[in-house]
Structure formats: C-alpha cells, structure tokens
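Colleague: One file is attached below, my_file.pdb, containing PDB, C-alpha atoms.
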```pdb
MODEL        1
ATOM      1  CA  GLU A 135     107.542 120.678  84.595
ATOM      2  CA  ASP A 136     107.282 116.982  85.381
ATOM      3  CA  THR A 137     104.280 115.445  83.635
ATOM      4  CA  GLY A 138     104.427 112.435  85.911
ATOM      5  CA  ASP A 139     104.400 110.062  82.927
ATOM      6  CA  HIS A 140     106.797 107.384  84.173
ATOM      7  CA  PRO A 141     105.743 103.905  82.975
ATOM      8  CA  ALA A 142     106.800 101.198  85.446
ATOM      9  CA  GLU A 143     108.019  98.923  82.660
ATOM     10  CA  LYS A 144     110.442 101.604  81.453
ATOM     11  CA  GLN A 145     111.942 102.479  84.809
ATOM     12  CA  THR A 146     115.233 104.288  84.669
ATOM     13  CA  SER A 147     117.883 104.499  87.350
ATOM     14  CA  LEU A 148     116.421 107.917  88.121
ATOM     15  CA  ASP A 149     112.966 106.338  88.643
ATOM     16  CA  ARG A 150     114.516 103.767  90.962
ATOM     17  CA  ALA A 151     116.298 106.496  92.939
ATOM     18  CA  VAL A 152     113.009 108.392  93.302
ATOM     19  CA  LEU A 153     111.285 105.196  94.446
ATOM     20  CA  ILE A 154     114.012 104.307  96.966
ATOM     21  CA  LEU A 155     114.127 107.785  98.498
ATOM     22  CA  SER A 156     110.325 107.928  98.644
ATOM     23  CA  ILE A 157     110.219 104.587 100.448
ATOM     24  CA  MET A 158     112.933 105.683 102.861
ATOM     25  CA  PHE A 159     111.361 109.013 103.732
ATOM     26  CA  HIS A 160     107.577 108.538 103.476
ATOM     27  CA  ASP A 161     107.278 107.420 107.106
ATOM     28  CA  ALA A 162     110.551 108.886 108.374
ATOM     29  CA  ILE A 163     108.549 111.080 110.736
ATOM     30  CA  TYR A 164     105.739 109.095 112.280
ATOM     31  CA  ASP A 165     103.792 110.293 115.270
ATOM     32  CA  PRO A 166     100.409 108.563 115.609
ATOM     33  CA  MET A 167      98.954 111.724 117.163
ATOM     34  CA  SER A 168     100.095 114.021 114.351
ATOM     35  CA  SER A 169      98.149 114.854 111.219
ATOM     36  CA  THR A 170     101.263 116.239 109.503
ATOM     37  CA  ASN A 171     103.487 113.153 109.305
ATOM     38  CA  GLU A 172     103.701 113.240 105.514
ATOM     39  CA  GLU A 173     104.489 116.952 105.425
ATOM     40  CA  ASP A 174     107.066 116.541 108.211
ATOM     41  CA  SER A 175     108.647 113.586 106.388
ATOM     42  CA  ALA A 176     108.756 115.616 103.171
ATOM     43  CA  LEU A 177     110.509 118.469 105.006
ATOM     44  CA  LEU A 178     113.068 116.035 106.406
ATOM     45  CA  TYR A 179     113.655 114.738 102.872
ATOM     46  CA  GLN A 180     114.087 118.299 101.563
ATOM     47  CA  LYS A 181     116.722 118.997 104.230
ATOM     48  CA  PHE A 182     118.467 115.730 103.372
ATOM     49  CA  PHE A 183     118.458 116.532  99.654
ATOM     50  CA  ALA A 184     119.759 120.070 100.249
ATOM     51  CA  ASP A 185     122.652 118.578 102.233
ATOM     52  CA  LEU A 186     123.176 115.856  99.633
ATOM     53  CA  ILE A 187     123.605 118.185  96.680
ATOM     54  CA  THR A 188     126.391 120.022  98.502
ATOM     55  CA  PHE A 189     128.353 116.744  98.299
ATOM     56  CA  ILE A 190     127.687 116.188  94.596
ATOM     57  CA  PRO A 191     128.810 119.454  93.028
ATOM     58  CA  GLN A 192     129.649 117.973  89.631
ATOM     59  CA  GLN A 193     126.090 116.630  89.264
ATOM     60  CA  PHE A 194     124.113 119.526  90.714
ATOM     61  CA  ASN A 195     126.268 122.571  90.243
ATOM     62  CA  PRO A 196     124.241 125.711  91.065
ATOM     63  CA  ALA A 197     126.063 127.493  88.234
ATOM     64  CA  ASN A 198     124.889 124.844  85.781
ATOM     65  CA  LYS A 199     121.255 125.755  85.198
ATOM     66  CA  SER A 200     120.311 122.480  83.453
ATOM     67  CA  SER A 201     121.688 120.273  86.251
ATOM     68  CA  ASN A 202     120.097 122.516  88.875
ATOM     69  CA  THR A 203     116.735 122.238  87.095
ATOM     70  CA  ALA A 204     117.104 118.458  86.898
ATOM     71  CA  ALA A 205     117.912 118.327  90.627
ATOM     72  CA  ASN A 206     114.857 120.437  91.420
ATOM     73  CA  ARG A 207     112.612 118.207  89.279
ATOM     74  CA  PHE A 208     114.035 115.085  90.915
ATOM     75  CA  SER A 209     113.552 116.494  94.408
ATOM     76  CA  ALA A 210     110.035 117.727  93.625
ATOM     77  CA  ARG A 211     109.111 114.286  92.354
ATOM     78  CA  VAL A 212     110.289 112.544  95.558
ATOM     79  CA  ASN A 213     108.464 115.208  97.580
ATOM     80  CA  THR A 214     105.268 114.582  95.586
ATOM     81  CA  TYR A 215     105.526 110.825  96.167
ATOM     82  CA  ILE A 216     105.948 111.301  99.929
ATOM     83  CA  LEU A 217     102.984 113.683 100.155
ATOM     84  CA  ALA A 218     100.823 111.368  98.010
ATOM     85  CA  THR A 219     100.856 108.791 100.827
ATOM     86  CA  LYS A 220      98.540 111.082 102.790
ATOM     87  CA  THR A 221      95.585 110.288 100.505
ATOM     88  CA  HIS A 222      97.003 107.524  98.293
ATOM     89  CA  ILE A 223      95.569 109.397  95.317
ATOM     90  CA  PRO A 224      98.095 110.634  92.750
ATOM     91  CA  PRO A 225      98.000 114.387  92.094
ATOM     92  CA  THR A 226      96.354 115.347  88.810
ATOM     93  CA  ASN A 227      99.623 115.825  86.901
ATOM     94  CA  TYR A 228     100.858 112.415  88.175
ATOM     95  CA  GLN A 229      97.834 110.313  87.168
ATOM     96  CA  ASN A 230      99.874 108.414  84.561
ATOM     97  CA  ASP A 231     102.966 107.946  86.732
ATOM     98  CA  LYS A 232     103.221 104.156  87.057
ATOM     99  CA  VAL A 233     106.221 104.419  89.370
ATOM    100  CA  LEU A 234     104.212 106.552  91.799
ATOM    101  CA  GLN A 235     101.332 104.099  91.538
ATOM    102  CA  LEU A 236     103.710 101.223  92.281
ATOM    103  CA  PHE A 237     104.897 103.099  95.383
ATOM    104  CA  LEU A 238     101.335 103.815  96.561
ATOM    105  CA  ASP A 239     100.200 100.245  95.854
ATOM    106  CA  ALA A 240     103.137  98.877  97.842
ATOM    107  CA  ASP A 241     102.195 101.151 100.738
ATOM    108  CA  MET A 242      98.598  99.875 100.620
ATOM    109  CA  SER A 243      99.480  96.212 100.047
ATOM    110  CA  VAL A 244      99.162  95.471 103.775
ATOM    111  CA  LEU A 245      95.400  95.790 103.292
ATOM    112  CA  ALA A 246      95.399  92.662 101.106
ATOM    113  CA  LYS A 247      97.031  90.305 103.593
ATOM    114  CA  GLN A 248      95.404  87.021 104.561
ATOM    115  CA  PRO A 249      92.732  87.661 107.236
ATOM    116  CA  HIS A 250      94.787  86.467 110.213
ATOM    117  CA  SER A 251      97.830  88.516 109.148
ATOM    118  CA  TYR A 252      95.636  91.523 108.498
ATOM    119  CA  ASP A 253      94.144  91.185 111.993
ATOM    120  CA  VAL A 254      97.639  91.186 113.509
ATOM    121  CA  TYR A 255      98.352  94.381 111.547
ATOM    122  CA  ALA A 256      95.070  95.932 112.757
ATOM    123  CA  GLY A 257      95.962  95.037 116.342
ATOM    124  CA  LEU A 258      99.362  96.673 115.957
ATOM    125  CA  ILE A 259      97.732  99.838 114.635
ATOM    126  CA  ARG A 260      95.633  99.922 117.817
ATOM    127  CA  CYS A 261      98.834  99.626 119.889
ATOM    128  CA  GLU A 262     100.149 102.762 118.176
ATOM    129  CA  TYR A 263      97.035 104.623 119.273
ATOM    130  CA  GLN A 264      96.682 103.100 122.742
ATOM    131  CA  GLN A 265      96.409 106.563 124.313
ATOM    132  CA  VAL A 266      93.189 107.194 122.348
ATOM    133  CA  PRO A 267      90.034 106.045 124.153
ATOM    134  CA  ARG A 268      88.641 102.849 122.611
ATOM    135  CA  GLU A 269      85.308 104.348 121.475
ATOM    136  CA  ILE A 270      87.003 107.261 119.735
ATOM    137  CA  TYR A 271      89.610 104.967 118.172
ATOM    138  CA  CYS A 272      86.948 102.627 116.791
ATOM    139  CA  GLU A 273      84.916 105.508 115.391
ATOM    140  CA  LYS A 274      87.841 107.355 113.754
ATOM    141  CA  ARG A 275      89.577 104.232 112.439
ATOM    142  CA  ALA A 276      86.313 103.066 110.855
ATOM    143  CA  GLU A 277      85.936 106.499 109.209
ATOM    144  CA  ILE A 278      89.465 106.337 107.773
ATOM    145  CA  LEU A 279      88.995 102.809 106.445
ATOM    146  CA  GLN A 280      85.603 103.721 104.983
ATOM    147  CA  SER A 281      87.244 106.644 103.180
ATOM    148  CA  PHE A 282      89.565 104.152 101.443
ATOM    149  CA  LEU A 283      86.482 102.345 100.157
ATOM    150  CA  ASN A 284      84.536 105.519  99.298
ATOM    151  CA  ASN A 285      87.175 107.754  97.751
ATOM    152  CA  THR A 286      88.473 105.382  95.132
ATOM    153  CA  GLU A 287      86.911 102.930  92.765
ATOM    154  CA  LYS A 288      89.990 100.770  93.269
ATOM    155  CA  VAL A 289      92.311 100.346  96.245
ATOM    156  CA  PHE A 290      95.200  99.501  93.891
ATOM    157  CA  GLY A 291      96.059 101.507  90.816
ATOM    158  CA  LEU A 292      98.261  99.126  88.854
ATOM    159  CA  GLU A 293      96.649  96.395  86.797
ATOM    160  CA  GLN A 294      99.145  93.874  88.217
ATOM    161  CA  MET A 295      97.833  94.569  91.746
ATOM    162  CA  ARG A 296      94.127  94.217  90.930
ATOM    163  CA  GLY A 297      94.145  90.558  91.990
ATOM    164  CA  LEU A 298      94.600  91.814  95.549
ATOM    165  CA  GLU A 299      91.627  94.152  95.322
ATOM    166  CA  GLY A 300      89.099  91.641  96.657
ATOM    167  CA  TRP A 301      91.248  90.732  99.673
ATOM    168  CA  ALA A 302      91.798  94.385 100.517
ATOM    169  CA  ARG A 303      88.113  95.298 100.261
ATOM    170  CA  THR A 304      87.100  92.246 102.299
ATOM    171  CA  ASN A 305      89.600  93.092 105.046
ATOM    172  CA  LEU A 306      88.546  96.741 105.103
ATOM    173  CA  LYS A 307      84.845  95.899 105.302
ATOM    174  CA  ARG A 308      85.449  93.256 107.956
ATOM    175  CA  GLU A 309      87.499  95.608 110.134
ATOM    176  CA  ILE A 310      84.931  98.395 109.744
ATOM    177  CA  ASP A 311      82.157  95.999 110.824
ATOM    178  CA  CYS A 312      84.213  94.931 113.861
ATOM    179  CA  LEU A 313      85.042  98.519 114.812
ATOM    180  CA  LYS A 314      81.374  99.522 114.629
ATOM    181  CA  ARG A 315      80.728  96.809 117.240
ATOM    182  CA  GLY A 316      83.630  98.039 119.377
ATOM    183  CA  VAL A 317      85.814  95.052 118.457
ATOM    184  CA  ILE A 318      89.394  95.607 117.343
ATOM    185  CA  PRO A 319      90.687  92.724 115.195
ATOM    186  CA  GLY A 320      93.924  91.250 116.453
ATOM    187  CA  GLN A 321      94.023  93.449 119.528
ATOM    188  CA  ILE A 322      96.600  92.308 122.029
ATOM    189  CA  VAL A 323      94.931  92.379 125.431
TER     190      VAL A 323
ENDMDL
END
```
Write out the structure in this file as structure tokens.

Modeller:
Amino acid sequence: EDTGDHPAEKQTSLDRAVLILSIMFHDAIYDPMSSTNEEDSALLYQKFFADLITFIPQQFNPANKSSNTAANRFSARVNTYILATKTHIPPTNYQNDKVLQLFLDADMSVLAKQPHSYDVYAGLIRCEYQQVPREIYCEKRAEILQSFLNNTEKVFGLEQMRGLEGWARTNLKREIDCLKRGVIPGQIV
C-alpha cells in the first residue's frame, strides 16, 4: 500500500512521471456541464495505462508479481492525484505526499494571480458556462468559491506557496462579492 509519503525535495524519476501523467490527464475530459470530469479523466488515464503496459513487457510483466505490483501502485497513485483535483484535499493516506500537494497547489495557483489577470480568468470561466443562466451561474460559482474558503484553513498546502495565500483569498472574496451582486469579473460582453 502506498503511504503517500513522497517529499517534494526528494523527488524521484517515478515521482516526476506520476506528476507529469497527473498533469496531462487531470483535465483530459472536461465538460463544464458534467460533475464527473475527474472520474472520466481518471478512467481515460486507466485505459491509457492499460494500453501502455502492453508495450513495456520487460518492466510490467504480468508473470513478474513484483513489477506488476509496482505498476499497480504507480497507476493507483496517478489515479489518486487526478481524483484529488475534485476537492483539492489530499486523501487521508496522502496527507504527507508533498508531490501531490505540489500538483494540487499548481492547479490552484490561478487563484493567486494579480487582480486583473484573475478577472480575465473569471471571465473565461463564465464563457465556459455561457449556457447557464446568469443568476444561477452567479449563485453556484459563489458557492463553489466559498467552499474553497470554508473547507480548508489554507488554499495552498506547501509552505513555499503560502506567500500566495493572501492573493488567492483576496481574489476569491472579491469574486464572491461581485457574484452576489450579479457582476462577473472580467466578463466579455
């Protein structure tokens, strides 16, 4: 069983491979109207990995139990990383996984952009959901952003990212305030 204890400063080539595949697949399936994007992306990754190991028989030989176990652990770890982007909260057995936290922090780093850049991002998010009526969009988007503020004591998990915490919280609060007034920051009219 993977304990999830992967310190960022001691990254191995295996850690980097997990990180790269997680980045590649975490938004591979993205439908703004779907609530299962992460699960669908994880399934796509699983299919990819199943195909991949057929091309690397010397590494992941089904007859070789230790290599097969290592392949399963590797694949499960990438799968866990992809699914963790749904809540941006590491699963219990991955709380000490600094590589996962790096991945999640990178995914959330858009929240810490300078205000104008953040507003452009917020406007682009609205474009993705243009089919949703404005009132419903404002209400639901505000709820999601508020959950980022409520569900965690920190937006970023790594100490190195904590300097961005204030920017992220300010942007989140500012967008929530705008949305409650029916204003969408950076909206392209």

Colleague: May I have the residues within 12 Å of segment 149-162 of chain A as a count of residues only, using only C-alpha atoms and disregarding those fewer than 6 positions away in the same chain?

Modeller: 47

Colleague: Could you expand the PyMOL selection byres ((chain A and resi 248-263) around 6) into the explicit residues it covers here, written as a ChimeraX atom specification?

Modeller: /A:247,264-266,319-321

Colleague: For segment 267-285 of chain A, I'd like the enclosing box, axis-aligned and padded by 8 Å on every side, reported as AutoDock Vina command-line options with centre and edge lengths in Å to one decimal.

Modeller:
```
--center_x 87.3 --center_y 105.0 --center_z 111.0 --size_x 21.5 --size_y 21.4 --size_z 42.4
```

Colleague: Go ahead and compute the interatomic distance for atom CA of Ile223 of chain A and atom CA of Asp311 of chain A, in Å to one decimal.

Modeller: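 Taking atom CA of Ile223 of chain A as the start and atom CA of Asp311 of chain A as the end point, the length is 24.5 Å.
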
Colleague: Nearest residue to Ile318 of chain A out of A:Phe282, A:Pro225, A:Asp165, A:Tyr271, using all atoms listed in the file?

Modeller: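 Counting all atoms listed in the file, the residue closest to Ile318 of chain A is A:Tyr271.
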
Colleague: Check which residues satisfy the PyMOL selection byres ((chain A and resi 289) around 10) in the file shown, then give them as a list of chain:residue names.

Modeller: A:His222, A:Ile223, A:Leu238, A:Asp239, A:Met242, A:Ser243, A:Leu245, A:Ala246, A:Phe282, A:Leu283, A:Asn284, A:Asn285, A:Thr286, A:Glu287, A:Lys288, A:Phe290, A:Gly291, A:Leu292, A:Met295, A:Arg296, A:Leu298, A:Glu299, A:Gly300, A:Ala302, A:Arg303

Colleague: Those residues with C-alpha atoms, as a tab-separated table (two decimals), keeping the file's coordinate frame please?

Modeller:
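File produced: result13.tsv:
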```tsv
chain	number	residue	atom	x	y	z
A	222	HIS	CA	97.00	107.52	98.29
A	223	ILE	CA	95.57	109.40	95.32
A	238	LEU	CA	101.34	103.82	96.56
A	239	ASP	CA	100.20	100.24	95.85
A	242	MET	CA	98.60	99.88	100.62
A	243	SER	CA	99.48	96.21	100.05
A	245	LEU	CA	95.40	95.79	103.29
A	246	ALA	CA	95.40	92.66	101.11
A	282	PHE	CA	89.56	104.15	101.44
A	283	LEU	CA	86.48	102.34	100.16
A	284	ASN	CA	84.54	105.52	99.30
A	285	ASN	CA	87.18	107.75	97.75
A	286	THR	CA	88.47	105.38	95.13
A	287	GLU	CA	86.91	102.93	92.76
A	288	LYS	CA	89.99	100.77	93.27
A	290	PHE	CA	95.20	99.50	93.89
A	291	GLY	CA	96.06	101.51	90.82
A	292	LEU	CA	98.26	99.13	88.85
A	295	MET	CA	97.83	94.57	91.75
A	296	ARG	CA	94.13	94.22	90.93
A	298	LEU	CA	94.60	91.81	95.55
A	299	GLU	CA	91.63	94.15	95.32
A	300	GLY	CA	89.10	91.64	96.66
A	302	ALA	CA	91.80	94.38	100.52
A	303	ARG	CA	88.11	95.30	100.26
```

Colleague: What's the separation between atom CA of Ser168 of chain A and atom CA of Ile270 of chain A, in Å to one decimal place?

Modeller: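 Spanning atom CA of Ser168 of chain A to atom CA of Ile270 of chain A is a straight-line distance of 15.7 Å.
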
Colleague: Using Å and a single decimal, report how far atom CA of Gln229 of chain A sits from atom CA of Thr146 of chain A.

Modeller: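 Value for the atom CA of Thr146 of chain A-atom CA of Gln229 of chain A distance: 18.6 Å.
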
Colleague: Just checking: using all atoms listed in the file, which residue out of A:Val244, A:Met167, A:Ile310, A:Ala204 ends up closest to Glu277 of chain A?

Modeller: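 Looking only at the distances to Glu277 of chain A, the closest residue turns out to be A:Ile310.
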